[in-house]
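Structure file upload-v6.csv with CSV, C-alpha atoms and all ligand atoms:
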```
chain,number,residue,atom,x,y,z
T,141,MET,CA,4.3,-8.3,-62.2
T,142,ASN,CA,6.5,-5.5,-61.0
T,143,LYS,CA,6.4,-4.2,-57.4
T,144,ASN,CA,4.4,-1.1,-58.2
T,145,ASN,CA,1.7,-3.1,-59.9
T,146,THR,CA,1.7,-5.6,-57.1
T,147,ALA,CA,1.3,-2.9,-54.4
T,148,THR,CA,-1.6,-1.3,-56.3
T,149,LYS,CA,-3.2,-4.7,-56.9
T,150,ILE,CA,-3.0,-5.5,-53.2
T,151,VAL,CA,-4.8,-2.3,-52.3
T,152,LYS,CA,-7.6,-3.1,-54.7
T,153,ILE,CA,-8.0,-6.7,-53.4
T,154,LEU,CA,-8.0,-5.6,-49.7
T,155,ASP,CA,-10.4,-2.8,-50.4
T,156,LYS,CA,-12.9,-5.5,-51.4
T,157,THR,CA,-11.9,-7.8,-48.5
T,158,TYR,CA,-12.2,-5.2,-45.7
T,159,PRO,CA,-14.8,-2.6,-46.8
T,160,ASP,CA,-15.3,-1.7,-43.1
T,161,ALA,CA,-11.6,-1.2,-42.3
T,162,PRO,CA,-11.5,1.9,-40.0
T,163,LYS,CA,-9.1,4.8,-40.5
T,164,THR,CA,-8.0,4.5,-36.9
T,165,TYR,CA,-8.5,2.3,-33.8
T,166,LEU,CA,-8.0,5.2,-31.5
T,167,ASN,CA,-11.0,7.0,-30.1
T,168,PHE,CA,-11.0,10.8,-30.4
T,169,GLN,CA,-13.4,13.7,-30.5
T,170,ASN,CA,-11.3,16.4,-32.1
T,171,PRO,CA,-7.8,17.0,-33.6
T,172,PHE,CA,-6.2,17.8,-30.3
T,173,GLU,CA,-7.3,14.5,-28.8
T,174,MET,CA,-6.1,12.6,-31.9
T,175,LEU,CA,-2.7,14.2,-31.7
T,176,ILE,CA,-2.3,13.4,-28.0
T,177,ALA,CA,-3.7,9.9,-28.3
T,178,THR,CA,-1.3,9.2,-31.1
T,179,ILE,CA,1.7,10.4,-29.1
T,180,LEU,CA,0.6,8.2,-26.2
T,181,SER,CA,0.2,5.2,-28.5
T,182,ALA,CA,3.9,4.8,-29.1
T,183,ARG,CA,4.9,1.4,-27.8
T,184,ALA,CA,1.4,0.9,-26.4
T,185,THR,CA,-1.7,-0.7,-27.7
T,186,ASP,CA,-4.6,1.4,-29.2
T,187,ALA,CA,-6.9,-0.5,-26.8
T,188,GLY,CA,-4.7,0.6,-23.8
T,189,VAL,CA,-4.8,4.3,-25.0
T,190,ASN,CA,-8.6,4.1,-25.4
T,191,LYS,CA,-9.0,3.0,-21.9
T,192,ILE,CA,-7.2,5.9,-20.3
T,193,SER,CA,-8.1,8.7,-22.9
T,194,PRO,CA,-11.7,9.3,-21.5
T,195,ILE,CA,-10.2,10.0,-18.1
T,196,LEU,CA,-7.4,12.1,-19.4
T,197,PHE,CA,-9.5,14.3,-21.7
T,198,LYS,CA,-12.2,14.7,-19.2
T,199,LYS,CA,-9.7,16.2,-16.8
T,200,TYR,CA,-7.7,18.1,-19.5
T,201,PRO,CA,-10.0,18.7,-22.4
T,202,THR,CA,-8.1,21.6,-24.1
T,203,PRO,CA,-4.4,22.4,-24.9
T,204,GLU,CA,-4.6,25.2,-22.4
T,205,LYS,CA,-5.7,22.9,-19.6
T,206,MET,CA,-3.3,20.2,-20.5
T,207,SER,CA,-0.3,22.6,-20.8
T,208,LYS,CA,-0.9,23.6,-17.2
T,209,ALA,CA,-1.4,20.1,-15.9
T,210,ASN,CA,0.6,18.7,-13.0
T,211,LEU,CA,3.1,16.2,-14.5
T,212,GLU,CA,2.7,13.7,-11.7
T,213,GLU,CA,-1.1,13.7,-12.0
T,214,ILE,CA,-0.9,13.1,-15.7
T,215,GLY,CA,1.7,10.4,-15.1
T,216,GLN,CA,-0.6,8.6,-12.8
T,217,ILE,CA,-3.4,8.6,-15.4
T,218,ILE,CA,-1.2,7.4,-18.3
T,219,ARG,CA,0.9,5.0,-16.2
T,220,PRO,CA,-0.5,1.8,-17.7
T,221,LEU,CA,0.9,2.8,-21.1
T,222,GLY,CA,4.5,2.6,-20.1
T,223,ALA,CA,7.2,5.3,-20.3
T,224,PHE,CA,4.7,7.5,-18.4
T,225,ASN,CA,7.0,10.1,-17.1
T,226,LYS,CA,8.4,10.8,-20.6
T,227,LYS,CA,5.0,10.7,-22.2
T,228,ALA,CA,3.6,13.1,-19.6
T,229,GLY,CA,6.3,15.5,-20.5
T,230,TYR,CA,5.6,15.1,-24.2
T,231,ILE,CA,1.9,15.8,-24.0
T,232,THR,CA,2.1,18.8,-21.7
T,233,GLU,CA,4.9,20.3,-23.8
T,234,THR,CA,3.0,19.6,-27.0
T,235,SER,CA,0.0,21.3,-25.5
T,236,ARG,CA,2.0,24.3,-24.5
T,237,GLN,CA,3.4,24.6,-28.0
T,238,LEU,CA,-0.1,24.2,-29.5
T,239,VAL,CA,-1.2,27.2,-27.4
T,240,ASP,CA,2.0,29.3,-27.9
T,241,ARG,CA,2.7,28.6,-31.6
T,242,PHE,CA,-0.5,27.6,-33.2
T,243,GLY,CA,-3.3,29.4,-31.3
T,244,SER,CA,-4.4,26.0,-29.8
T,245,SER,CA,-5.2,24.5,-33.3
T,246,VAL,CA,-3.5,21.4,-34.5
T,247,PRO,CA,-1.4,22.3,-37.6
T,248,LYS,CA,-1.9,20.5,-40.9
T,249,THR,CA,1.7,19.9,-42.2
T,250,MET,CA,4.2,17.1,-41.7
T,251,GLU,CA,6.9,19.7,-40.9
T,252,GLU,CA,4.9,21.3,-38.1
T,253,LEU,CA,3.6,18.1,-36.7
T,254,ILE,CA,6.9,16.4,-36.3
T,255,SER,CA,8.2,19.4,-34.4
T,256,PHE,CA,6.2,18.4,-31.4
T,257,PRO,CA,8.0,16.4,-28.7
T,258,GLY,CA,7.3,12.7,-28.9
T,259,ALA,CA,5.8,13.1,-32.4
T,260,SER,CA,7.3,10.9,-35.2
T,261,ARG,CA,6.5,10.7,-38.9
T,262,LYS,CA,4.0,8.0,-37.9
T,263,THR,CA,2.3,10.4,-35.5
T,264,ALA,CA,2.1,13.1,-38.1
T,265,ASN,CA,0.9,10.8,-40.9
T,266,VAL,CA,-1.9,9.4,-38.6
T,267,VAL,CA,-3.1,13.0,-37.7
T,268,LEU,CA,-2.9,14.2,-41.3
T,269,SER,CA,-4.7,11.2,-42.8
T,270,VAL,CA,-7.3,10.4,-40.1
T,271,VAL,CA,-8.2,14.0,-39.0
T,272,PHE,CA,-7.6,16.0,-42.1
T,273,GLY,CA,-7.8,13.5,-45.0
T,274,LEU,CA,-4.3,14.6,-46.2
T,275,SER,CA,-1.4,12.4,-47.3
T,276,GLU,CA,2.2,13.6,-47.0
T,277,GLY,CA,3.4,10.1,-46.3
T,278,VAL,CA,2.3,6.5,-45.4
T,279,VAL,CA,1.5,5.5,-41.8
T,280,VAL,CA,3.9,2.8,-41.0
T,281,ASP,CA,2.9,1.2,-37.7
T,282,THR,CA,3.8,-2.2,-36.4
T,283,HIS,CA,1.2,-4.0,-38.6
T,284,VAL,CA,2.1,-2.1,-41.8
T,285,MET,CA,5.8,-2.7,-41.1
T,286,ARG,CA,5.4,-6.5,-40.6
T,287,VAL,CA,2.9,-7.2,-43.5
T,288,THR,CA,4.8,-5.0,-46.0
T,289,VAL,CA,8.0,-6.9,-45.4
T,290,ARG,CA,6.2,-10.3,-45.6
T,291,LEU,CA,4.6,-9.3,-48.8
T,292,GLY,CA,8.0,-8.6,-50.3
T,293,LEU,CA,7.2,-4.9,-50.8
T,294,SER,CA,10.2,-3.8,-48.7
T,295,GLU,CA,13.3,-5.5,-47.4
T,296,HIS,CA,13.8,-2.9,-44.6
T,297,ASP,CA,12.5,-4.9,-41.7
T,298,LYS,CA,12.0,-2.8,-38.5
T,299,LYS,CA,13.0,0.4,-40.3
T,300,PRO,CA,9.8,2.4,-40.6
T,301,GLN,CA,11.3,5.4,-42.4
T,302,LYS,CA,12.9,3.3,-45.1
T,303,ILE,CA,9.7,1.2,-45.5
T,304,GLU,CA,7.6,4.4,-45.8
T,305,LYS,CA,10.0,5.9,-48.4
T,306,GLY,CA,9.8,2.7,-50.5
T,307,LEU,CA,6.0,2.6,-50.3
T,308,MET,CA,5.8,6.3,-51.4
T,309,GLU,CA,7.7,5.3,-54.5
T,310,LEU,CA,5.7,2.1,-55.2
T,311,LEU,CA,2.2,3.6,-54.8
T,312,PRO,CA,0.5,6.7,-56.2
T,313,ASN,CA,-0.2,9.4,-53.7
T,314,GLU,CA,-4.0,8.8,-53.7
T,315,LEU,CA,-3.5,5.2,-52.4
T,316,TRP,CA,-1.1,6.0,-49.5
T,317,ASN,CA,-3.8,6.4,-46.9
T,318,ASP,CA,-5.8,3.4,-48.2
T,319,TYR,CA,-2.7,1.2,-48.2
T,320,ALA,CA,-2.0,1.9,-44.5
T,321,ARG,CA,-5.6,1.5,-43.5
T,322,LEU,CA,-6.1,-1.8,-45.4
T,323,ILE,CA,-2.8,-3.4,-44.6
T,324,GLY,CA,-3.4,-2.5,-40.9
T,325,ALA,CA,-6.7,-4.4,-41.1
T,326,HIS,CA,-5.1,-7.3,-42.8
T,327,GLY,CA,-2.3,-7.4,-40.2
T,328,ARG,CA,-4.8,-7.4,-37.3
T,329,ARG,CA,-7.2,-10.0,-38.8
T,330,THR,CA,-5.2,-12.4,-41.0
T,331,CYS,CA,-1.5,-11.7,-41.2
T,332,LYS,CA,-1.0,-11.7,-37.5
T,333,SER,CA,2.4,-11.3,-35.8
T,334,ARG,CA,2.7,-14.8,-34.3
T,335,LYS,CA,0.5,-16.9,-36.5
T,336,PRO,CA,-0.3,-15.6,-40.0
T,337,ASN,CA,-3.3,-17.4,-41.5
T,338,CYS,CA,-1.7,-18.0,-44.9
T,339,ILE,CA,-4.1,-20.8,-45.8
T,340,GLU,CA,-7.1,-18.4,-45.8
T,341,CYS,CA,-5.2,-15.3,-46.8
T,342,ILE,CA,-6.6,-13.6,-49.9
T,343,LEU,CA,-3.1,-12.5,-50.8
T,344,ASN,CA,-1.4,-15.9,-50.6
T,345,LYS,CA,-0.8,-16.3,-54.3
T,346,LEU,CA,1.0,-12.9,-54.4
T,347,CYS,CA,2.9,-13.3,-51.2
T,348,PRO,CA,6.5,-14.6,-51.1
T,349,SER,CA,6.2,-15.4,-47.4
T,350,ALA,CA,3.1,-17.7,-47.6
T,351,VAL,CA,3.5,-20.8,-45.5
T,352,PHE,CA,0.9,-23.6,-45.8
T,353,ASP,CA,2.3,-26.2,-43.4
T,354,GLU,CA,0.9,-26.4,-39.9
N,401,LIG,S1,0.2,-15.2,-47.3
N,401,LIG,FE1,0.7,-15.3,-45.1
N,401,LIG,S2,2.5,-14.0,-44.7
N,401,LIG,FE2,1.6,-13.5,-46.8
N,401,LIG,S3,0.2,-11.8,-46.4
N,401,LIG,FE3,-1.0,-13.6,-46.3
N,401,LIG,S4,-1.0,-14.2,-44.1
N,401,LIG,FE4,0.7,-12.8,-44.4
```
Using structure tokens, write down the structure from this file.
Ligand code: SF4
Amino acid sequence: MNKNNTATKIVKILDKTYPDAPKTYLNFQNPFEMLIATILSARATDAGVNKISPILFKKYPTPEKMSKANLEEIGQIIRPLGAFNKKAGYITETSRQLVDRFGSSVPKTMEELISFPGASRKTANVVLSVVFGLSEGVVVDTHVMRVTVRLGLSEHDKKPQKIEKGLMELLPNELWNDYARLIGAHGRRTCKSRKPNCIECILNKLCPSAVFDE
């Protein structure tokens, strides 16, 4: 089976395995919160972001309010996420640009989304897919990166942009969002970072990295 067929088959199998796989693990109430939460999630866990986001968005519920926030105060709230000074700068500046350039609305294109400070292609892909149901690319987070390489669908370990480009060539556009959502679920539940559960993995017959020894 060629790689294109394998990738499509994997999506179909996982779709049946994880019918409840969520689009995101970040909590949000509107596009603004999703954009900010995704910027904050860089090198932090979604659970960690979910802990601080109710406090952050209660105090700064709109781009206007966040753009005028005191950097030190924001830094104190987001401190547990790491790189808090840098991230405080990113989210206040992103808020300012939302107000000045986009009338306080979150834009719907990759080009515009990656123009915000602290926003990567991953950030943009998350916002586009989760908030707007659009797909200009594939969300490649730490789980998608790890599992895609283990499954032999990319040889570009730790290179998210190259992994994403390869996946966009392997899969039809209508499966890009499903692939990221389902592989994310598989990575969290079965193909875990430290100890993949290859024995019980539904993909073990297709996977070149399957290990069955203890
Ligand atoms: S067989 Fe093992 S390495 Fe391959 S996808 Fe399944 S859990 Fe991951």
Report the closest atom pair, with its distance in Å rounded to one decimal, for each residue of chain T that has an atom no farther than 10 Å from ligand LIG 401 (chain N); count all atoms listed in the file, sort by chain and then rising residue number, and write it as JSON lines.
```
{"residue": "T:Ile150", "atom": "CA", "partner": "N:LIG401", "partner_atom": "S3", "distance": 9.8}
{"residue": "T:Arg286", "atom": "CA", "partner": "N:LIG401", "partner_atom": "FE4", "distance": 8.7}
{"residue": "T:Val287", "atom": "CA", "partner": "N:LIG401", "partner_atom": "S3", "distance": 6.1}
{"residue": "T:Thr288", "atom": "CA", "partner": "N:LIG401", "partner_atom": "S3", "distance": 8.2}
{"residue": "T:Val289", "atom": "CA", "partner": "N:LIG401", "partner_atom": "S2", "distance": 9.0}
{"residue": "T:Arg290", "atom": "CA", "partner": "N:LIG401", "partner_atom": "S2", "distance": 5.3}
{"residue": "T:Leu291", "atom": "CA", "partner": "N:LIG401", "partner_atom": "FE2", "distance": 5.5}
{"residue": "T:Gly292", "atom": "CA", "partner": "N:LIG401", "partner_atom": "FE2", "distance": 8.8}
{"residue": "T:Ile323", "atom": "CA", "partner": "N:LIG401", "partner_atom": "S3", "distance": 9.1}
{"residue": "T:His326", "atom": "CA", "partner": "N:LIG401", "partner_atom": "S3", "distance": 7.8}
{"residue": "T:Gly327", "atom": "CA", "partner": "N:LIG401", "partner_atom": "FE4", "distance": 7.5}
{"residue": "T:Arg329", "atom": "CA", "partner": "N:LIG401", "partner_atom": "S4", "distance": 9.2}
{"residue": "T:Thr330", "atom": "CA", "partner": "N:LIG401", "partner_atom": "S4", "distance": 5.5}
{"residue": "T:Cys331", "atom": "CA", "partner": "N:LIG401", "partner_atom": "S4", "distance": 3.9}
{"residue": "T:Lys332", "atom": "CA", "partner": "N:LIG401", "partner_atom": "S4", "distance": 7.1}
{"residue": "T:Ser333", "atom": "CA", "partner": "N:LIG401", "partner_atom": "FE4", "distance": 8.9}
{"residue": "T:Lys335", "atom": "CA", "partner": "N:LIG401", "partner_atom": "S4", "distance": 8.2}
{"residue": "T:Pro336", "atom": "CA", "partner": "N:LIG401", "partner_atom": "S4", "distance": 4.4}
{"residue": "T:Asn337", "atom": "CA", "partner": "N:LIG401", "partner_atom": "S4", "distance": 4.7}
{"residue": "T:Cys338", "atom": "CA", "partner": "N:LIG401", "partner_atom": "FE1", "distance": 3.6}
{"residue": "T:Ile339", "atom": "CA", "partner": "N:LIG401", "partner_atom": "S1", "distance": 7.2}
{"residue": "T:Glu340", "atom": "CA", "partner": "N:LIG401", "partner_atom": "S4", "distance": 7.6}
{"residue": "T:Cys341", "atom": "CA", "partner": "N:LIG401", "partner_atom": "FE3", "distance": 4.6}
{"residue": "T:Ile342", "atom": "CA", "partner": "N:LIG401", "partner_atom": "FE3", "distance": 6.7}
{"residue": "T:Leu343", "atom": "CA", "partner": "N:LIG401", "partner_atom": "FE3", "distance": 5.1}
{"residue": "T:Asn344", "atom": "CA", "partner": "N:LIG401", "partner_atom": "S1", "distance": 3.7}
{"residue": "T:Lys345", "atom": "CA", "partner": "N:LIG401", "partner_atom": "S1", "distance": 7.2}
{"residue": "T:Leu346", "atom": "CA", "partner": "N:LIG401", "partner_atom": "S1", "distance": 7.5}
{"residue": "T:Cys347", "atom": "CA", "partner": "N:LIG401", "partner_atom": "FE2", "distance": 4.6}
{"residue": "T:Pro348", "atom": "CA", "partner": "N:LIG401", "partner_atom": "FE2", "distance": 6.6}
{"residue": "T:Ser349", "atom": "CA", "partner": "N:LIG401", "partner_atom": "S2", "distance": 4.8}
{"residue": "T:Ala350", "atom": "CA", "partner": "N:LIG401", "partner_atom": "S1", "distance": 3.8}
{"residue": "T:Val351", "atom": "CA", "partner": "N:LIG401", "partner_atom": "FE1", "distance": 6.2}
{"residue": "T:Phe352", "atom": "CA", "partner": "N:LIG401", "partner_atom": "FE1", "distance": 8.3}
```
Just to be explicit: take each residue in the selection above, keep C-alpha atoms, and write the result as a PDB file, in the coordinates of the input.
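The file below, again.pdb, is the result:
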```pdb
ATOM      1  CA  ILE T 150      -3.000  -5.500 -53.200  1.00  0.00           C
ATOM      2  CA  ARG T 286       5.400  -6.500 -40.600  1.00  0.00           C
ATOM      3  CA  VAL T 287       2.900  -7.200 -43.500  1.00  0.00           C
ATOM      4  CA  THR T 288       4.800  -5.000 -46.000  1.00  0.00           C
ATOM      5  CA  VAL T 289       8.000  -6.900 -45.400  1.00  0.00           C
ATOM      6  CA  ARG T 290       6.200 -10.300 -45.600  1.00  0.00           C
ATOM      7  CA  LEU T 291       4.600  -9.300 -48.800  1.00  0.00           C
ATOM      8  CA  GLY T 292       8.000  -8.600 -50.300  1.00  0.00           C
ATOM      9  CA  ILE T 323      -2.800  -3.400 -44.600  1.00  0.00           C
ATOM     10  CA  HIS T 326      -5.100  -7.300 -42.800  1.00  0.00           C
ATOM     11  CA  GLY T 327      -2.300  -7.400 -40.200  1.00  0.00           C
ATOM     12  CA  ARG T 329      -7.200 -10.000 -38.800  1.00  0.00           C
ATOM     13  CA  THR T 330      -5.200 -12.400 -41.000  1.00  0.00           C
ATOM     14  CA  CYS T 331      -1.500 -11.700 -41.200  1.00  0.00           C
ATOM     15  CA  LYS T 332      -1.000 -11.700 -37.500  1.00  0.00           C
ATOM     16  CA  SER T 333       2.400 -11.300 -35.800  1.00  0.00           C
ATOM     17  CA  LYS T 335       0.500 -16.900 -36.500  1.00  0.00           C
ATOM     18  CA  PRO T 336      -0.300 -15.600 -40.000  1.00  0.00           C
ATOM     19  CA  ASN T 337      -3.300 -17.400 -41.500  1.00  0.00           C
ATOM     20  CA  CYS T 338      -1.700 -18.000 -44.900  1.00  0.00           C
ATOM     21  CA  ILE T 339      -4.100 -20.800 -45.800  1.00  0.00           C
ATOM     22  CA  GLU T 340      -7.100 -18.400 -45.800  1.00  0.00           C
ATOM     23  CA  CYS T 341      -5.200 -15.300 -46.800  1.00  0.00           C
ATOM     24  CA  ILE T 342      -6.600 -13.600 -49.900  1.00  0.00           C
ATOM     25  CA  LEU T 343      -3.100 -12.500 -50.800  1.00  0.00           C
ATOM     26  CA  ASN T 344      -1.400 -15.900 -50.600  1.00  0.00           C
ATOM     27  CA  LYS T 345      -0.800 -16.300 -54.300  1.00  0.00           C
ATOM     28  CA  LEU T 346       1.000 -12.900 -54.400  1.00  0.00           C
ATOM     29  CA  CYS T 347       2.900 -13.300 -51.200  1.00  0.00           C
ATOM     30  CA  PRO T 348       6.500 -14.600 -51.100  1.00  0.00           C
ATOM     31  CA  SER T 349       6.200 -15.400 -47.400  1.00  0.00           C
ATOM     32  CA  ALA T 350       3.100 -17.700 -47.600  1.00  0.00           C
ATOM     33  CA  VAL T 351       3.500 -20.800 -45.500  1.00  0.00           C
ATOM     34  CA  PHE T 352       0.900 -23.600 -45.800  1.00  0.00           C
TER      35      PHE T 352
END
```
Can you tell me which residues surround Glu173 (chain T) at a distance of at most 12 Å, considering only C-alpha atoms, apart from same-chain residues fewer than 2 positions away, and format the answer as a ChimeraX atom specification?
/T:166-171,175-181,189-190,193-198,200-203,206,231,234-235,244-246,267,271
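The space separating CA of Gly258 (chain T) from CA of Lys199 (chain T) comes to 21.2 Å.
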Set the distance at 12 Å and use only C-alpha atoms: which residues neighbour Lys226 (chain T) once local chain neighbours fewer than 2 positions away are removed? I'd like the list as a ChimeraX atom specification.
/T:179-180,182,211-212,214-215,218-219,221-224,228-233,257-258
In terms of all atoms listed in the file, the residue from T:Lys163, T:Gly273, T:Arg241, T:Leu307 at minimal distance from Asn145 (chain T) is T:Leu307
Atomic separation - CA of Met285 (chain T) relative to CA of Glu309 (chain T), Å
15.7 Å
With a distance cut-off of 10 Å and only C-alpha atoms, select the neighbouring residues of Asp281 (chain T), excluding the residue or stretch itself and same-chain residues fewer than 3 positions from it, and output the selection as a list in words.
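The neighbour list is Ala182, Lys262, Thr263, Val266, Val278, Val284, Met285, Arg286, Lys298, Pro300, Glu304, Ala320 and Gly324 of chain T.
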Have a look at T:Ala161, T:Ile303, T:Ile254, T:Leu274 and name the one nearest to Arg321 (chain T); count only C-alpha atoms.
T:Ala161
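Counting from CA of Ser275 (chain T), the distance to CA of Leu253 (chain T) is 13.0 Å.
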Residue among T:Ala259, T:Val279, T:Val270, T:Leu310 lying closest to Pro162 (chain T), counting only C-alpha atoms:
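Of T:Ala259, T:Val279, T:Val270, T:Leu310, the one nearest Pro162 (chain T) is T:Val270, counting only C-alpha atoms.
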Measuring between all atoms listed in the file, which one of T:Arg261, T:Lys227, T:Lys305, T:Lys152 shows the shortest distance to Arg183 (chain T)?
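The closest residue to Arg183 (chain T) is T:Lys227.
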What's around Glu276 (chain T) at 9 Å? Count all atoms listed in the file, leave out sequence neighbours fewer than 2 positions away in its own chain, and write the answer as a tab-separated table (two decimals) with C-alpha atoms, keeping the file's coordinate frame.
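So out04.tsv came out as:
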```tsv
chain	number	residue	atom	x	y	z
T	249	THR	CA	1.70	19.90	-42.20
T	250	MET	CA	4.20	17.10	-41.70
T	264	ALA	CA	2.10	13.10	-38.10
T	265	ASN	CA	0.90	10.80	-40.90
T	268	LEU	CA	-2.90	14.20	-41.30
T	269	SER	CA	-4.70	11.20	-42.80
T	274	LEU	CA	-4.30	14.60	-46.20
T	278	VAL	CA	2.30	6.50	-45.40
T	313	ASN	CA	-0.20	9.40	-53.70
T	316	TRP	CA	-1.10	6.00	-49.50
```
Pick from T:Phe172, T:Leu315, T:Met308, T:Asp297, whichever lies nearest to Gly243 (chain T) using all atoms listed in the file
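The answer is T:Phe172, which sits nearest to Gly243 (chain T).
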Would you place a box with edges along x, y and z of the file around all atoms of region 336-339 of chain T listed there, add 6 Å to each of its six sides, and report the centre and edge lengths in Å to one decimal, as AutoDock Vina command-line options?
```
--center_x -2.2 --center_y -18.2 --center_z -42.9 --size_x 15.8 --size_y 17.2 --size_z 17.8
```
